[in-house]
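> Let me give you the structure first, and then I'll get to my questions.
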Amino acid sequence: MTHIVKPAVQERIRLPYLDGIRGLAALSIAVFHAYKLTGKTGESDQIPIVGSALQFGFLGVPVFIVLSGYVLMLPVARNNNRLTKGFGDYIGKRAWRILPPYYAALALSLLLILLVPILQQPSGTQWDSKVPVTVPDVVLHALMLQDFSAESIGKVNGPLWSVAVEWHIYFLMPLLLLPLWRLIGGTATTLLMLLITFVLVLLDVGTFAHPWLVALFAAGMLAAQVTVRDNVRPRTLCLIAVATGVAIVGLGARFHQGVVAYYAVEVLVGLMLAVGLAAIGPRSVQGRTPKWIGRLGSKPLVTLGLFSYSIYLVHSPLLGLANLLLLPLGLPVTVQYLVMTFVVLPIVLVICYGFFWLVERHFLNSRQKQVVDHD
């Protein structure tokens, strides 16, 4: 009698420190926006020390993108660089995880603007970039196409722009990146995306949507390949990071401000994170995670990472509203910043957790559901 031996099902790779990194990234963005949304536009930049300490809080976005490429590529890299269950299953799971909380946050933001008059009027604050909201703005946000419009990309709820960008990258992964991966390899694909990015920045084409995030997503994918396969070494990513750094320094010598500054910092930080993930990942898969990295997988940070998406989706309009309500009190800008950061922000984080519990938790993936059920 012939026995049919079924192939062993590979166990899901569990790296709790990724949740900790994700949670800290979301928190850094919220802290950054509490600072930027304090007082009138530009006033918070005048607070001694604070501006220098918090000016790079926006770097949570490239961190999210690199982590996304890394996590999504882990099972793909173990399956010969092919989606494990096909395009339909892949994009369906991405849509289930990302879209319902996004639309709930969009509806909440529009409702706040509609019902709260001070959110509708120019105030000389950073919130002015979110209004007025036009019908085209609403349509583009509903279609997740606001990142194709320089006029609409920052309206309604600023952070939503990067959710739209990431949503489009989800399609690029199976339709562009993985075919290139199989054709020319992961290293060449990542370098190609970085080169295209470099040209777009030089020509200032579509830079308002941060197209270099595609390259950082690819760098995260390459780090995942290093983690689970032995045909790529961490030094490959190190060389890419060094070469990109040299090119960016050369570009910065010619252009000293504007989009180039964001491009340079985001790309370098994203590549450094990818190098770190590639260096630590193989050891972690073997159960040898360094202790200092393992601390990022502590229960508080894992919990923070669990509702990091809700933090990202909801915090901005709430902080903008709080700042507008505080303005009539005439507080010194330093005092208002302290109130925004140490009084308002904790309240906002509680509201974000409420949003997670009411909305996002119903659309978690299986691993995240296990964490919630265990808690």
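FYI, nothing fancy with the structure tokens labels: chains A, B, ... in order, residues from 1 per chain, ligands from 1 as they appear.
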Can you tell me, as a list in words, what residues are no more than 12 Å from Leu140 (chain A) when counting only C-alpha atoms, ignoring any on the same chain fewer than 2 positions away?
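Surrounding residues, per the criterion: Leu106, Val133, Thr134, Val135, Pro136, Asp137, Val138, Ala142, Leu143, Met144, Leu145, Gln146, Asp147, Phe148, Ser149, Ala150, Glu151, Ser152, Ile153, Gly154, Lys155, Val156, Leu160, Trp161 and Ala164 of chain A.
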> I'd like the neighbourhood of Gly23 (chain A) as a list in words, where a residue qualifies if any of its atoms comes within 10 Å (using only C-alpha atoms), though same-chain residues fewer than 2 positions away should be ignored.
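In the requested format, the answer is Tyr17, Leu18, Asp19, Gly20, Ile21, Ala25, Ala26, Leu27, Ser28, Gly60, Phe64, Leu296, Pro300, Leu301, Val302, Thr303, Leu304, Gly305, Leu306, Phe307, Ser308, Tyr309, Ile311 and Tyr312 of chain A.
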> Within 12 Å of Lys93 (chain A), counting only C-alpha atoms, which residues qualify if same-chain residues fewer than 2 places away don't, as a PDB file with C-alpha atoms, in the first residue's frame?

ATOM      1  CA  LEU A  72       4.849  40.417   3.442  1.00  0.00           C
ATOM      2  CA  LYS A  85      -1.962  31.313  -2.432  1.00  0.00           C
ATOM      3  CA  GLY A  86      -2.129  33.518  -5.503  1.00  0.00           C
ATOM      4  CA  PHE A  87      -2.917  37.163  -6.212  1.00  0.00           C
ATOM      5  CA  GLY A  88      -6.615  37.040  -5.277  1.00  0.00           C
ATOM      6  CA  ASP A  89      -5.994  35.643  -1.794  1.00  0.00           C
ATOM      7  CA  TYR A  90      -3.098  38.044  -1.231  1.00  0.00           C
ATOM      8  CA  ILE A  91      -4.880  41.252  -2.230  1.00  0.00           C
ATOM      9  CA  ALA A  95      -7.916  44.771   1.564  1.00  0.00           C
ATOM     10  CA  TRP A  96      -9.620  43.177   4.579  1.00  0.00           C
ATOM     11  CA  ARG A  97      -6.820  44.290   6.876  1.00  0.00           C
ATOM     12  CA  ILE A  98      -6.313  47.846   5.583  1.00  0.00           C
ATOM     13  CA  LEU A  99      -9.467  49.214   3.980  1.00  0.00           C
ATOM     14  CA  PRO A 100     -12.268  48.987   6.612  1.00  0.00           C
ATOM     15  CA  TRP A 167      -2.135  50.310  -0.834  1.00  0.00           C
ATOM     16  CA  TYR A 170       0.610  46.194  -2.424  1.00  0.00           C
ATOM     17  CA  PHE A 363     -10.090  43.036  10.737  1.00  0.00           C
ATOM     18  CA  LEU A 364      -6.880  41.725  12.265  1.00  0.00           C
ATOM     19  CA  ASN A 365      -4.878  38.936  10.687  1.00  0.00           C
ATOM     20  CA  SER A 366      -4.718  35.533  12.377  1.00  0.00           C
TER      21      SER A 366
END
> Name the residues in contact with region 117-122 of chain A at a cut-off of 10 Å, using only C-alpha atoms, excluding same-chain residues fewer than 2 positions from it; report them as a VMD selection string.
chain A and resid 112 to 115 124 to 133 317 320 to 321 324 to 325
> Please, could you write that set of residues out with C-alpha atoms as a short mmCIF file (atom, residue, chain, number, x, y, z; two decimals), in the first residue's frame?

data_model
loop_
_atom_site.label_atom_id
_atom_site.label_comp_id
_atom_site.auth_asym_id
_atom_site.auth_seq_id
_atom_site.Cartn_x
_atom_site.Cartn_y
_atom_site.Cartn_z
CA LEU A 112 -15.57 66.01 12.66
CA ILE A 113 -14.93 68.64 9.99
CA LEU A 114 -18.64 68.78 9.13
CA LEU A 115 -19.86 69.07 12.73
CA GLY A 124 -3.24 80.20 10.79
CA THR A 125 -2.34 76.78 12.17
CA GLN A 126 -0.97 73.63 10.59
CA TRP A 127 -4.57 72.38 10.36
CA ASP A 128 -5.18 74.88 7.51
CA SER A 129 -3.49 72.45 5.11
CA LYS A 130 -6.34 69.95 5.71
CA VAL A 131 -9.20 72.29 4.75
CA PRO A 132 -11.29 73.36 2.94
CA VAL A 133 -12.45 69.93 1.87
CA PRO A 317 -7.63 65.47 13.37
CA GLY A 320 -5.67 69.55 15.31
CA LEU A 321 -8.99 70.08 17.08
CA LEU A 324 -7.71 75.00 18.03
CA LEU A 325 -9.65 74.67 21.30
#
> Might you pull out every residue within 8 Å of region 273-289 of chain A, with only C-alpha atoms counted and same-chain residues fewer than 2 positions away left off, and present them as a list in words?
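Close residues of region 273-289 of chain A: Ile13, Arg14, Leu15, Val63, Val66, Ala219, Gly220, Leu222, Ala223, Ala224, Val226, Thr227, Val228, Pro234, Leu237, Cys238, Ala241, Val269, Gly270, Leu271, Lys291, Ile293 and Gly294 of chain A.
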